[in-house]
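upload_33.cif follows; it contains mmCIF, C-alpha atoms.
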data_coords
loop_
_atom_site.label_atom_id
_atom_site.label_comp_id
_atom_site.auth_asym_id
_atom_site.auth_seq_id
_atom_site.Cartn_x
_atom_site.Cartn_y
_atom_site.Cartn_z
CA MET A 23 -92.47 98.66 69.46
CA PRO A 24 -88.85 99.36 68.58
CA GLN A 25 -88.84 100.35 64.93
CA GLU A 26 -85.75 98.25 64.32
CA LEU A 27 -87.70 95.01 64.93
CA ARG A 28 -86.99 92.67 62.04
CA ALA A 29 -88.43 89.21 61.46
CA VAL A 30 -85.75 88.63 58.79
CA GLU A 31 -82.15 89.82 59.26
CA TRP A 32 -79.01 89.09 57.27
CA THR A 33 -76.10 88.36 59.61
CA GLY A 34 -73.27 88.47 57.08
CA SER A 35 -73.12 84.72 56.57
CA GLY A 36 -76.75 83.64 56.92
CA LEU A 37 -80.23 84.61 58.05
CA ALA A 38 -81.50 85.21 61.56
CA LEU A 39 -85.24 84.49 61.54
CA MET A 40 -87.32 85.40 64.57
CA ASP A 41 -89.04 82.10 65.45
CA GLN A 42 -92.70 83.08 65.34
CA THR A 43 -93.84 79.64 66.47
CA LEU A 44 -92.49 80.47 69.96
CA LEU A 45 -93.99 83.93 70.45
CA PRO A 46 -95.27 85.48 72.66
CA HIS A 47 -93.68 83.41 75.43
CA ARG A 48 -90.16 83.08 74.02
CA THR A 49 -88.17 85.34 71.73
CA GLU A 50 -85.59 83.29 69.86
CA THR A 51 -84.06 83.29 66.41
CA VAL A 52 -83.33 80.47 64.00
CA ASP A 53 -79.90 80.59 62.36
CA VAL A 54 -80.30 79.71 58.68
CA ARG A 55 -77.18 78.78 56.71
CA ASP A 56 -78.51 76.17 54.30
CA VAL A 57 -81.45 75.68 51.97
CA ASP A 58 -83.03 72.79 53.89
CA THR A 59 -83.25 74.88 57.06
CA LEU A 60 -84.76 77.82 55.18
CA VAL A 61 -87.39 75.75 53.39
CA ASP A 62 -88.32 74.08 56.68
CA ALA A 63 -88.57 77.47 58.42
CA ILE A 64 -90.91 78.81 55.73
CA GLN A 65 -93.11 75.72 55.77
CA ARG A 66 -93.30 75.51 59.59
CA LEU A 67 -94.22 79.23 59.80
CA VAL A 68 -91.06 80.16 61.68
CA VAL A 69 -91.17 83.03 59.21
CA ARG A 70 -94.59 83.91 57.80
CA GLY A 71 -96.50 86.73 56.18
CA ALA A 72 -96.16 87.22 52.43
CA PRO A 73 -93.69 90.17 52.51
CA ALA A 74 -91.51 88.56 55.20
CA ILE A 75 -91.43 85.30 53.27
CA GLY A 76 -90.45 87.29 50.20
CA ALA A 77 -87.55 88.91 52.05
CA ALA A 78 -86.45 85.53 53.42
CA GLY A 79 -86.59 84.06 49.93
CA ALA A 80 -84.57 86.96 48.53
CA TYR A 81 -81.77 86.33 51.02
CA GLY A 82 -82.28 82.61 50.49
CA VAL A 83 -80.75 82.97 47.03
CA ALA A 84 -77.56 84.16 48.75
CA ILE A 85 -77.73 81.22 51.16
CA ALA A 86 -78.04 78.83 48.23
CA LEU A 87 -75.05 80.44 46.50
CA LEU A 88 -72.91 80.20 49.64
CA GLN A 89 -73.89 76.57 50.13
CA CYS A 90 -73.11 75.91 46.48
CA GLU A 91 -69.58 77.25 46.99
CA ARG A 92 -69.06 75.27 50.22
CA GLU A 93 -70.31 71.97 48.86
CA GLY A 94 -69.18 72.23 45.25
CA TRP A 95 -72.60 72.08 43.61
CA THR A 96 -73.08 72.20 39.88
CA ASP A 97 -74.98 75.10 38.32
CA GLY A 98 -77.93 72.77 37.95
CA GLN A 99 -77.92 71.90 41.64
CA LEU A 100 -77.81 75.60 42.53
CA LEU A 101 -80.81 76.37 40.35
CA GLU A 102 -82.66 73.39 41.80
CA ALA A 103 -82.02 74.70 45.33
CA VAL A 104 -83.27 78.17 44.38
CA ALA A 105 -86.41 76.57 42.90
CA ARG A 106 -87.04 74.72 46.17
CA ILE A 107 -86.98 78.01 48.05
CA ARG A 108 -89.26 79.62 45.47
CA GLU A 109 -91.85 76.84 45.84
CA ALA A 110 -91.71 76.45 49.65
CA ARG A 111 -95.19 77.97 50.00
CA PRO A 112 -97.34 78.09 46.87
CA THR A 113 -99.98 80.74 47.64
CA ALA A 114 -97.89 83.77 48.62
CA VAL A 115 -96.73 85.33 45.35
CA ASN A 116 -94.15 87.60 47.08
CA LEU A 117 -91.88 84.60 47.62
CA MET A 118 -91.77 83.80 43.92
CA VAL A 119 -91.43 87.42 42.81
CA CYS A 120 -88.58 88.18 45.21
CA VAL A 121 -86.67 84.96 44.55
CA ASP A 122 -86.91 85.51 40.80
CA ARG A 123 -85.76 89.12 41.14
CA VAL A 124 -82.66 88.21 43.14
CA ALA A 125 -81.88 85.02 41.21
CA ALA A 126 -81.60 87.10 38.02
CA ARG A 127 -78.37 88.50 39.46
CA LEU A 128 -76.76 85.13 40.23
CA PRO A 129 -74.35 85.42 37.27
CA GLU A 130 -72.93 88.61 38.87
CA GLY A 131 -71.92 86.84 42.08
CA LEU A 132 -72.63 87.07 45.79
CA ASP A 133 -72.22 90.82 46.23
CA ALA A 134 -74.80 91.52 43.53
CA VAL A 135 -77.22 88.97 44.99
CA LEU A 136 -76.94 90.51 48.45
CA GLU A 137 -77.33 94.00 47.03
CA GLU A 138 -80.61 92.99 45.40
CA ALA A 139 -81.88 91.15 48.48
CA THR A 140 -81.13 94.17 50.66
CA ALA A 141 -83.03 96.35 48.20
CA VAL A 142 -86.03 94.01 48.45
CA GLN A 143 -86.06 94.42 52.22
CA ARG A 144 -85.52 98.19 52.14
CA GLU A 145 -88.23 98.75 49.55
CA ASP A 146 -90.75 96.71 51.52
CA VAL A 147 -90.27 98.85 54.63
CA GLY A 148 -90.74 102.01 52.54
CA ALA A 149 -93.83 100.56 50.87
CA ASN A 150 -95.35 99.66 54.22
CA ARG A 151 -94.85 103.17 55.58
CA ALA A 152 -96.50 104.65 52.50
CA MET A 153 -99.50 102.33 52.53
CA GLY A 154 -99.99 102.97 56.24
CA ALA A 155 -100.44 106.68 55.56
CA PHE A 156 -102.59 106.16 52.45
CA GLY A 157 -104.77 103.61 54.24
CA ALA A 158 -105.30 105.75 57.32
CA ASP A 159 -106.27 108.77 55.21
CA TRP A 160 -108.73 106.70 53.18
CA LEU A 161 -110.36 105.05 56.22
CA LEU A 162 -110.84 108.35 58.04
CA GLU A 163 -112.50 109.81 54.96
CA LYS A 164 -114.67 106.75 54.29
CA VAL A 165 -115.88 106.29 57.86
CA GLY A 166 -116.33 110.01 58.35
CA ALA A 167 -116.50 109.79 62.13
CA GLU A 168 -114.93 112.45 64.33
CA ARG A 169 -114.28 109.92 67.10
CA PRO A 170 -111.41 107.38 67.06
CA LEU A 171 -112.07 104.28 64.95
CA ARG A 172 -112.78 100.69 65.95
CA ILE A 173 -110.92 98.38 63.59
CA LEU A 174 -111.12 94.62 63.04
CA THR A 175 -108.13 92.74 61.66
CA HIS A 176 -107.33 89.13 60.86
CA CYS A 177 -104.11 87.11 61.11
CA ASN A 178 -100.83 89.00 61.64
CA THR A 179 -99.78 91.75 59.26
CA GLY A 180 -97.30 93.75 61.29
CA ALA A 181 -93.53 93.99 61.50
CA LEU A 182 -93.38 90.24 62.10
CA ALA A 183 -95.08 89.54 58.77
CA THR A 184 -93.07 91.99 56.67
CA ALA A 185 -89.61 93.49 56.34
CA GLY A 186 -90.73 96.11 58.85
CA TRP A 187 -93.67 98.28 60.07
CA GLY A 188 -96.48 96.19 58.59
CA THR A 189 -99.25 96.22 55.98
CA ALA A 190 -102.73 96.13 57.55
CA LEU A 191 -101.19 96.53 60.99
CA GLY A 192 -99.14 99.39 59.56
CA VAL A 193 -102.43 101.19 58.77
CA ILE A 194 -103.56 100.52 62.32
CA ARG A 195 -100.27 101.80 63.75
CA GLU A 196 -100.63 104.97 61.69
CA LEU A 197 -104.16 105.55 63.03
CA HIS A 198 -102.87 105.04 66.57
CA ALA A 199 -100.01 107.47 66.01
CA ARG A 200 -102.54 110.09 64.91
CA GLY A 201 -104.72 109.54 67.97
CA ARG A 202 -107.54 108.21 65.77
CA LEU A 203 -107.77 104.61 67.01
CA GLU A 204 -110.09 103.47 69.80
CA VAL A 205 -109.69 99.68 69.80
CA VAL A 206 -108.61 96.77 67.62
CA HIS A 207 -110.59 93.54 67.39
CA ALA A 208 -107.94 90.93 66.57
CA ASP A 209 -109.13 87.54 65.33
CA GLU A 210 -107.15 84.69 66.90
CA THR A 211 -106.62 83.10 63.44
CA ARG A 212 -105.83 79.60 62.28
CA PRO A 213 -103.70 77.57 61.88
CA LEU A 214 -101.27 78.70 64.59
CA LEU A 215 -103.19 81.48 66.36
CA GLN A 216 -101.26 84.18 64.52
CA GLY A 217 -103.68 86.82 65.76
CA SER A 218 -103.73 85.95 69.44
CA ARG A 219 -100.03 85.16 69.63
CA LEU A 220 -98.47 87.62 67.19
CA THR A 221 -100.83 90.51 66.45
CA ALA A 222 -101.74 90.81 70.12
CA TRP A 223 -98.03 90.77 71.02
CA GLU A 224 -97.29 93.57 68.57
CA LEU A 225 -100.26 95.59 69.84
CA VAL A 226 -99.04 95.18 73.42
CA GLN A 227 -95.61 96.51 72.43
CA GLU A 228 -97.33 99.59 70.95
CA GLY A 229 -99.73 100.08 73.86
CA ILE A 230 -102.72 99.78 71.51
CA PRO A 231 -106.03 98.77 73.17
CA HIS A 232 -107.30 95.53 71.69
CA ARG A 233 -109.51 92.51 72.17
CA VAL A 234 -108.69 89.02 70.91
CA GLN A 235 -111.69 87.13 69.58
CA VAL A 236 -112.25 83.71 68.01
CA ASP A 237 -112.48 83.77 64.22
CA GLY A 238 -116.13 82.70 64.34
CA ALA A 239 -117.02 85.83 66.36
CA ALA A 240 -115.84 88.29 63.71
CA ALA A 241 -119.00 88.44 61.60
CA GLY A 242 -121.21 88.91 64.63
CA THR A 243 -118.96 91.67 66.00
CA ILE A 244 -119.30 93.48 62.67
CA LEU A 245 -123.07 93.04 62.37
CA ARG A 246 -123.63 94.26 65.94
CA GLY A 247 -122.09 97.58 64.94
CA GLU A 248 -119.00 97.22 67.11
CA VAL A 249 -116.60 97.80 64.22
CA ASP A 250 -116.14 100.78 61.88
CA ALA A 251 -113.97 98.99 59.30
CA ALA A 252 -111.93 95.84 58.71
CA VAL A 253 -108.31 95.96 57.54
CA VAL A 254 -106.55 92.78 56.41
CA GLY A 255 -103.46 91.79 54.48
CA ALA A 256 -103.11 89.53 51.44
CA ASP A 257 -100.96 86.74 50.10
CA ARG A 258 -101.93 87.11 46.44
CA ILE A 259 -104.18 89.55 44.61
CA ALA A 260 -105.47 88.69 41.14
CA ALA A 261 -105.79 91.20 38.31
CA ASN A 262 -109.54 91.50 38.94
CA GLY A 263 -109.06 92.25 42.64
CA ASP A 264 -109.88 88.78 43.99
CA THR A 265 -107.75 88.43 47.11
CA ALA A 266 -106.26 85.34 48.74
CA ASN A 267 -105.63 85.80 52.44
CA LYS A 268 -105.58 83.73 55.61
CA VAL A 269 -108.58 81.44 55.88
CA GLY A 270 -111.52 83.21 57.51
CA THR A 271 -111.06 86.46 55.61
CA VAL A 272 -113.93 85.99 53.18
CA ALA A 273 -116.45 85.76 56.05
CA ILE A 274 -115.24 89.14 57.30
CA ALA A 275 -115.66 90.68 53.84
CA LEU A 276 -119.19 89.30 53.55
CA ALA A 277 -120.13 90.70 56.95
CA CYS A 278 -118.64 94.10 56.08
CA ALA A 279 -120.63 94.19 52.84
CA HIS A 280 -123.85 93.37 54.71
CA ALA A 281 -123.11 95.99 57.38
CA GLY A 282 -122.09 98.61 54.83
CA ILE A 283 -118.67 99.31 56.34
CA PRO A 284 -115.28 99.45 54.56
CA PHE A 285 -113.29 96.29 53.96
CA LEU A 286 -109.71 97.37 53.23
CA VAL A 287 -106.95 95.11 51.92
CA ALA A 288 -103.40 96.39 52.56
CA ALA A 289 -100.59 94.88 50.51
CA PRO A 290 -97.52 96.00 48.55
CA THR A 291 -97.60 95.84 44.77
CA THR A 292 -95.37 92.73 44.96
CA THR A 293 -98.46 90.90 46.24
CA VAL A 294 -100.45 91.83 43.13
CA ASP A 295 -100.10 89.08 40.51
CA LEU A 296 -101.30 90.46 37.20
CA SER A 297 -100.59 87.12 35.54
CA THR A 298 -103.39 85.63 37.65
CA ALA A 299 -106.66 86.71 36.07
CA THR A 300 -109.06 85.75 38.86
CA GLY A 301 -109.12 84.10 42.24
CA ASP A 302 -110.10 80.83 40.60
CA ASP A 303 -106.51 80.60 39.35
CA ILE A 304 -104.92 80.99 42.81
CA HIS A 305 -103.50 77.78 44.25
CA ILE A 306 -104.75 77.35 47.83
CA GLU A 307 -102.33 75.59 50.15
CA LEU A 308 -103.80 72.68 52.11
CA ARG A 309 -102.12 72.10 55.45
CA ALA A 310 -101.89 68.92 57.51
CA GLU A 311 -105.15 67.35 58.70
CA SER A 312 -103.69 67.06 62.18
CA GLU A 313 -104.05 70.82 62.70
CA VAL A 314 -107.84 70.46 62.83
CA LEU A 315 -108.13 66.87 64.09
CA GLU A 316 -105.75 67.29 67.05
CA TRP A 317 -104.97 69.82 69.75
CA ALA A 318 -101.46 69.90 71.21
CA GLY A 319 -100.85 66.44 69.78
CA VAL A 320 -104.00 64.92 71.32
CA ARG A 321 -106.70 63.64 68.97
CA THR A 322 -109.94 65.63 69.46
CA ALA A 323 -111.94 64.29 66.50
CA PRO A 324 -113.04 60.67 66.03
CA ALA A 325 -110.41 58.40 64.55
CA GLU A 326 -112.58 57.92 61.46
CA SER A 327 -112.83 61.66 60.72
CA ARG A 328 -110.87 63.35 57.96
CA GLY A 329 -109.73 66.95 58.05
CA HIS A 330 -110.12 69.79 55.56
CA ASN A 331 -107.54 72.46 56.32
CA PRO A 332 -107.11 75.19 53.68
CA ALA A 333 -104.59 77.80 54.81
CA PHE A 334 -106.24 80.55 52.74
CA ASP A 335 -109.52 81.59 51.17
CA VAL A 336 -110.30 83.96 48.30
CA THR A 337 -112.38 87.10 48.76
CA PRO A 338 -114.08 88.19 45.50
CA GLY A 339 -113.00 91.62 44.31
CA ARG A 340 -116.59 92.87 44.43
CA LEU A 341 -116.35 92.67 48.24
CA VAL A 342 -113.05 94.60 48.47
CA THR A 343 -113.99 98.20 49.21
CA GLY A 344 -110.41 99.36 48.96
CA LEU A 345 -106.97 97.99 48.13
CA VAL A 346 -104.15 100.10 49.50
CA THR A 347 -100.63 99.70 48.15
CA GLU A 348 -97.60 101.99 48.33
CA ARG A 349 -99.08 103.81 45.30
CA GLY A 350 -102.40 104.73 46.91
CA VAL A 351 -105.88 103.24 47.23
CA LEU A 352 -107.92 101.47 44.55
CA GLU A 353 -111.66 101.20 45.20
CA VAL A 354 -111.92 97.71 43.74
CA SER A 355 -115.63 97.11 44.35
CA ALA A 356 -116.31 100.34 42.45
CA GLY A 357 -114.42 99.08 39.40
CA GLU A 358 -110.83 100.27 39.98
CA LEU A 359 -109.08 96.99 39.22
CA PRO A 360 -105.41 96.18 39.83
CA GLY A 361 -105.08 94.85 36.29
CA ASP A 362 -106.06 98.25 34.92
CA ARG A 363 -104.28 100.55 37.37
CA LEU A 364 -101.09 98.78 38.47
CA LYS A 365 -99.57 97.72 35.15
#

Taking this structure as input, can you express it in the form of structure tokens?
Amino acid sequence: MPQELRAVEWTGSGLALMDQTLLPHRTETVDVRDVDTLVDAIQRLVVRGAPAIGAAGAYGVAIALLQCEREGWTDGQLLEAVARIREARPTAVNLMVCVDRVAARLPEGLDAVLEEATAVQREDVGANRAMGAFGADWLLEKVGAERPLRILTHCNTGALATAGWGTALGVIRELHARGRLEVVHADETRPLLQGSRLTAWELVQEGIPHRVQVDGAAAGTILRGEVDAAVVGADRIAANGDTANKVGTVAIALACAHAGIPFLVAAPTTTVDLSTATGDDIHIELRAESEVLEWAGVRTAPAESRGHNPAFDVTPGRLVTGLVTERGVLEVSAGELPGDRLK
């Protein structure tokens, strides 16, 4: 994959977002020049993945400021627009952290806002590279096999989900670059098949051998001994190591614990929310019932049925063998908690 691939790109007057709802069949961008378009893009998963949403939100502050100048908003209207961006998706803490960081420079003007947003994007790419190396080192030591590894992953955590390179998929790319990767088992992933559409697409670009499987197959694949480790991303990590990630993740962690293989979470420190004590305090986004009651707009469930469609679940910290950030690896299940080590 070309290393310059960016899901989020500042054009000089707005944002170009790679439309991830159209991949892998069409590669198009959405031109974002106003707050409504950005909020819609975040909520429709045009841009998705906690770090990528964070980068989009960071540049979104600049978009709000430009729109404010064009339309003559009051200061109150500007702050309200920034708050709408910040709250576009409630579970991923990166969005809030990055918007707050950039918004703090609003009194300095557009140049300062763009400087900070660019720094957010640059730092995320650097963090991803670092955690890829740390995670690969840790997995090779933990698994202890001389042969290449078989890795299971969930959702999409690559360049499409970040400012560049990837989190969990960055670890996988690092293993591949070292010649230490045999195959990737990629869960298809709800709600929009992020694994089969996006992760598989990224793996094809890299020439990485992989198999796409339904989410419900993951635990069985692990328990049959077909996987050496699981590597996933995160949308919010509590101080005690409880981890919110795409729905279906907790089943993978449970299977890994039963099989006695590593379950590694890869996320930048911006995803760690030390103000959230435990996973019980993480707000879980509920998506539209239609995503589980319909398929391609056609009702598949009885008309009387109701849907339950959480976008995320929370994996208890006791099931997280390792948490890799740009600072190194914490062995959370062994008592190395983010709240103690990442202050």

Determine, for each residue of region 263-347 of chain A having at least one atom at most 12 Å from an atom of region 58-81 of chain A, the closest pair of atoms and their separation in Å to one decimal, counting only C-alpha atoms; order by chain and ascending number, as JSON lines.
{"residue": "A:Ala266", "atom": "CA", "partner": "A:Ala72", "partner_atom": "CA", "distance": 10.9}
{"residue": "A:Asn267", "atom": "CA", "partner": "A:Ala72", "partner_atom": "CA", "distance": 9.6}
{"residue": "A:Lys268", "atom": "CA", "partner": "A:Gly71", "partner_atom": "CA", "distance": 9.6}
{"residue": "A:Ala288", "atom": "CA", "partner": "A:Pro73", "partner_atom": "CA", "distance": 11.5}
{"residue": "A:Ala289", "atom": "CA", "partner": "A:Pro73", "partner_atom": "CA", "distance": 8.6}
{"residue": "A:Pro290", "atom": "CA", "partner": "A:Pro73", "partner_atom": "CA", "distance": 8.0}
{"residue": "A:Thr291", "atom": "CA", "partner": "A:Pro73", "partner_atom": "CA", "distance": 10.4}
{"residue": "A:Thr292", "atom": "CA", "partner": "A:Pro73", "partner_atom": "CA", "distance": 8.1}
{"residue": "A:Thr293", "atom": "CA", "partner": "A:Ala72", "partner_atom": "CA", "distance": 7.6}
{"residue": "A:Val294", "atom": "CA", "partner": "A:Ala72", "partner_atom": "CA", "distance": 11.2}
{"residue": "A:Glu307", "atom": "CA", "partner": "A:Gln65", "partner_atom": "CA", "distance": 10.8}
{"residue": "A:Leu308", "atom": "CA", "partner": "A:Gln65", "partner_atom": "CA", "distance": 11.7}
{"residue": "A:Arg309", "atom": "CA", "partner": "A:Gln65", "partner_atom": "CA", "distance": 9.7}
{"residue": "A:Ala310", "atom": "CA", "partner": "A:Arg66", "partner_atom": "CA", "distance": 11.0}
{"residue": "A:Ala333", "atom": "CA", "partner": "A:Leu67", "partner_atom": "CA", "distance": 11.6}

**Message:** Please expand the PyMOL selection byres ((chain A and resi 222) around 9) into the concrete residues it hits in this file, giving the result as JSON, numbers by chain.
**Reply:** {"A": [46, 178, 208, 210, 216, 217, 218, 219, 220, 221, 223, 224, 225, 226, 227, 232, 233, 234]}

Could you save those same residues with C-alpha atoms as an mmCIF file, in the frame of the given file?
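File part_34.cif, as written:
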data_model
loop_
_atom_site.group_PDB
_atom_site.id
_atom_site.type_symbol
_atom_site.label_atom_id
_atom_site.label_comp_id
_atom_site.auth_asym_id
_atom_site.auth_seq_id
_atom_site.Cartn_x
_atom_site.Cartn_y
_atom_site.Cartn_z
ATOM 1 C CA PRO A 46 -95.270 85.480 72.660
ATOM 2 C CA ASN A 178 -100.830 89.000 61.640
ATOM 3 C CA ALA A 208 -107.940 90.930 66.570
ATOM 4 C CA GLU A 210 -107.150 84.690 66.900
ATOM 5 C CA GLN A 216 -101.260 84.180 64.520
ATOM 6 C CA GLY A 217 -103.680 86.820 65.760
ATOM 7 C CA SER A 218 -103.730 85.950 69.440
ATOM 8 C CA ARG A 219 -100.030 85.160 69.630
ATOM 9 C CA LEU A 220 -98.470 87.620 67.190
ATOM 10 C CA THR A 221 -100.830 90.510 66.450
ATOM 11 C CA TRP A 223 -98.030 90.770 71.020
ATOM 12 C CA GLU A 224 -97.290 93.570 68.570
ATOM 13 C CA LEU A 225 -100.260 95.590 69.840
ATOM 14 C CA VAL A 226 -99.040 95.180 73.420
ATOM 15 C CA GLN A 227 -95.610 96.510 72.430
ATOM 16 C CA HIS A 232 -107.300 95.530 71.690
ATOM 17 C CA ARG A 233 -109.510 92.510 72.170
ATOM 18 C CA VAL A 234 -108.690 89.020 70.910
#

**Request:** For His198 (chain A), work out the shell of residues within 12 Å, counting only C-alpha atoms and skipping chain neighbours fewer than 5 positions away, then give it as a ChimeraX atom specification.
**Result:** /A:154-155,158,170-173,191-193,203-206,225,228-232

Could those residues be written to a file, using C-alpha atoms, as an mmCIF file, keeping the file's coordinate frame?
data_model
loop_
_atom_site.group_PDB
_atom_site.id
_atom_site.type_symbol
_atom_site.label_atom_id
_atom_site.label_comp_id
_atom_site.auth_asym_id
_atom_site.auth_seq_id
_atom_site.Cartn_x
_atom_site.Cartn_y
_atom_site.Cartn_z
ATOM 1 C CA GLY A 154 -99.990 102.970 56.240
ATOM 2 C CA ALA A 155 -100.440 106.680 55.560
ATOM 3 C CA ALA A 158 -105.300 105.750 57.320
ATOM 4 C CA PRO A 170 -111.410 107.380 67.060
ATOM 5 C CA LEU A 171 -112.070 104.280 64.950
ATOM 6 C CA ARG A 172 -112.780 100.690 65.950
ATOM 7 C CA ILE A 173 -110.920 98.380 63.590
ATOM 8 C CA LEU A 191 -101.190 96.530 60.990
ATOM 9 C CA GLY A 192 -99.140 99.390 59.560
ATOM 10 C CA VAL A 193 -102.430 101.190 58.770
ATOM 11 C CA LEU A 203 -107.770 104.610 67.010
ATOM 12 C CA GLU A 204 -110.090 103.470 69.800
ATOM 13 C CA VAL A 205 -109.690 99.680 69.800
ATOM 14 C CA VAL A 206 -108.610 96.770 67.620
ATOM 15 C CA LEU A 225 -100.260 95.590 69.840
ATOM 16 C CA GLU A 228 -97.330 99.590 70.950
ATOM 17 C CA GLY A 229 -99.730 100.080 73.860
ATOM 18 C CA ILE A 230 -102.720 99.780 71.510
ATOM 19 C CA PRO A 231 -106.030 98.770 73.170
ATOM 20 C CA HIS A 232 -107.300 95.530 71.690
#

**Request:** Using all atoms listed in the file, find the one residue out of A:Ala256, A:Asp53, A:Ser312, A:Ser355 that sits nearest to Asn116 (chain A).
**Result:** A:Ala256

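For the set A:Ala251, A:Ala110, A:Leu315, A:Leu197, the residue with the smallest atom-to-atom gap to Asp159 (chain A) is A:Leu197, counting all atoms listed in the file.
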
**Request:** Just the residues within 10 Å of Val354 (chain A), please, counting all atoms listed in the file, with nothing from its chain fewer than 5 positions along; format it as number ranges by chain.
**Result:** A: 262-264, 286-287, 338-346, 359-360

**Request:** In the coordinates of the file, take the point (-122.0, 94.2, 55.9) and a cut-off of 10 Å; then, counting only C-alpha atoms, name each qualifying protein, DNA or RNA residue as a PyMOL selection string.
**Result:** chain A and resi 241+244-245+247+251+274-285+341

Which residues would end up in the selection if the PyMOL selection byres ((chain A and resi 84-90) around 7) were applied here, given that I need the answer as an mmCIF file with C-alpha atoms, in the coordinates of the input?
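Now in out_38.cif:
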data_model
loop_
_atom_site.group_PDB
_atom_site.id
_atom_site.type_symbol
_atom_site.label_atom_id
_atom_site.label_comp_id
_atom_site.auth_asym_id
_atom_site.auth_seq_id
_atom_site.Cartn_x
_atom_site.Cartn_y
_atom_site.Cartn_z
ATOM 1 C CA GLY A 36 -76.750 83.640 56.920
ATOM 2 C CA ARG A 55 -77.180 78.780 56.710
ATOM 3 C CA ASP A 56 -78.510 76.170 54.300
ATOM 4 C CA VAL A 57 -81.450 75.680 51.970
ATOM 5 C CA TYR A 81 -81.770 86.330 51.020
ATOM 6 C CA GLY A 82 -82.280 82.610 50.490
ATOM 7 C CA VAL A 83 -80.750 82.970 47.030
ATOM 8 C CA GLU A 91 -69.580 77.250 46.990
ATOM 9 C CA ARG A 92 -69.060 75.270 50.220
ATOM 10 C CA GLU A 93 -70.310 71.970 48.860
ATOM 11 C CA GLY A 94 -69.180 72.230 45.250
ATOM 12 C CA TRP A 95 -72.600 72.080 43.610
ATOM 13 C CA LEU A 100 -77.810 75.600 42.530
ATOM 14 C CA ALA A 103 -82.020 74.700 45.330
ATOM 15 C CA VAL A 104 -83.270 78.170 44.380
ATOM 16 C CA LEU A 132 -72.630 87.070 45.790
ATOM 17 C CA VAL A 135 -77.220 88.970 44.990
ATOM 18 C CA LEU A 136 -76.940 90.510 48.450
#

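Counting all atoms listed in the file, the residue from A:Ala185, A:Met118, A:Leu128, A:Ala134 that sits nearest to Gly148 (chain A) is A:Ala185.
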
**Item:** Between CA of Asp237 (chain A) and CA of Ala181 (chain A), distance in Å (one decimal)
**Value:** 21.7 Å

**Asked** So which residues get picked by the PyMOL selection byres ((chain A and resi 335) around 7) here, written as a ChimeraX atom specification?
**Response** /A:266-272,334,336-337

Please complete region 128-137 of chain A with N, CA, C and O atoms and give it back as a PDB file, in the frame of the given file.
ATOM      1  N   LEU A 128     -77.710  86.191  39.880  1.00  0.00           N
ATOM      2  CA  LEU A 128     -76.760  85.130  40.230  1.00  0.00           C
ATOM      3  C   LEU A 128     -75.491  85.156  39.376  1.00  0.00           C
ATOM      4  O   LEU A 128     -74.384  84.959  39.914  1.00  0.00           O
ATOM      5  N   PRO A 129     -75.583  85.405  38.067  1.00  0.00           N
ATOM      6  CA  PRO A 129     -74.350  85.420  37.270  1.00  0.00           C
ATOM      7  C   PRO A 129     -73.353  86.499  37.687  1.00  0.00           C
ATOM      8  O   PRO A 129     -72.158  86.388  37.379  1.00  0.00           O
ATOM      9  N   GLU A 130     -73.811  87.520  38.434  1.00  0.00           N
ATOM     10  CA  GLU A 130     -72.930  88.610  38.870  1.00  0.00           C
ATOM     11  C   GLU A 130     -72.197  88.290  40.169  1.00  0.00           C
ATOM     12  O   GLU A 130     -71.314  89.049  40.568  1.00  0.00           O
ATOM     13  N   GLY A 131     -72.609  87.221  40.861  1.00  0.00           N
ATOM     14  CA  GLY A 131     -71.920  86.840  42.080  1.00  0.00           C
ATOM     15  C   GLY A 131     -72.625  87.254  43.358  1.00  0.00           C
ATOM     16  O   GLY A 131     -73.684  87.897  43.344  1.00  0.00           O
ATOM     17  N   LEU A 132     -72.009  86.905  44.487  1.00  0.00           N
ATOM     18  CA  LEU A 132     -72.630  87.070  45.790  1.00  0.00           C
ATOM     19  C   LEU A 132     -72.930  88.525  46.133  1.00  0.00           C
ATOM     20  O   LEU A 132     -74.000  88.839  46.656  1.00  0.00           O
ATOM     21  N   ASP A 133     -72.000  89.419  45.871  1.00  0.00           N
ATOM     22  CA  ASP A 133     -72.220  90.820  46.230  1.00  0.00           C
ATOM     23  C   ASP A 133     -73.463  91.379  45.539  1.00  0.00           C
ATOM     24  O   ASP A 133     -74.252  92.115  46.146  1.00  0.00           O
ATOM     25  N   ALA A 134     -73.639  91.041  44.276  1.00  0.00           N
ATOM     26  CA  ALA A 134     -74.800  91.520  43.530  1.00  0.00           C
ATOM     27  C   ALA A 134     -76.098  90.923  44.081  1.00  0.00           C
ATOM     28  O   ALA A 134     -77.127  91.607  44.192  1.00  0.00           O
ATOM     29  N   VAL A 135     -76.047  89.636  44.424  1.00  0.00           N
ATOM     30  CA  VAL A 135     -77.220  88.970  44.990  1.00  0.00           C
ATOM     31  C   VAL A 135     -77.623  89.621  46.306  1.00  0.00           C
ATOM     32  O   VAL A 135     -78.805  89.903  46.555  1.00  0.00           O
ATOM     33  N   LEU A 136     -76.637  89.872  47.167  1.00  0.00           N
ATOM     34  CA  LEU A 136     -76.940  90.510  48.450  1.00  0.00           C
ATOM     35  C   LEU A 136     -77.420  91.944  48.273  1.00  0.00           C
ATOM     36  O   LEU A 136     -78.290  92.419  49.015  1.00  0.00           O
ATOM     37  N   GLU A 137     -76.883  92.641  47.312  1.00  0.00           N
ATOM     38  CA  GLU A 137     -77.330  94.000  47.030  1.00  0.00           C
ATOM     39  C   GLU A 137     -78.813  94.011  46.668  1.00  0.00           C
ATOM     40  O   GLU A 137     -79.586  94.846  47.150  1.00  0.00           O
TER      41      GLU A 137
END
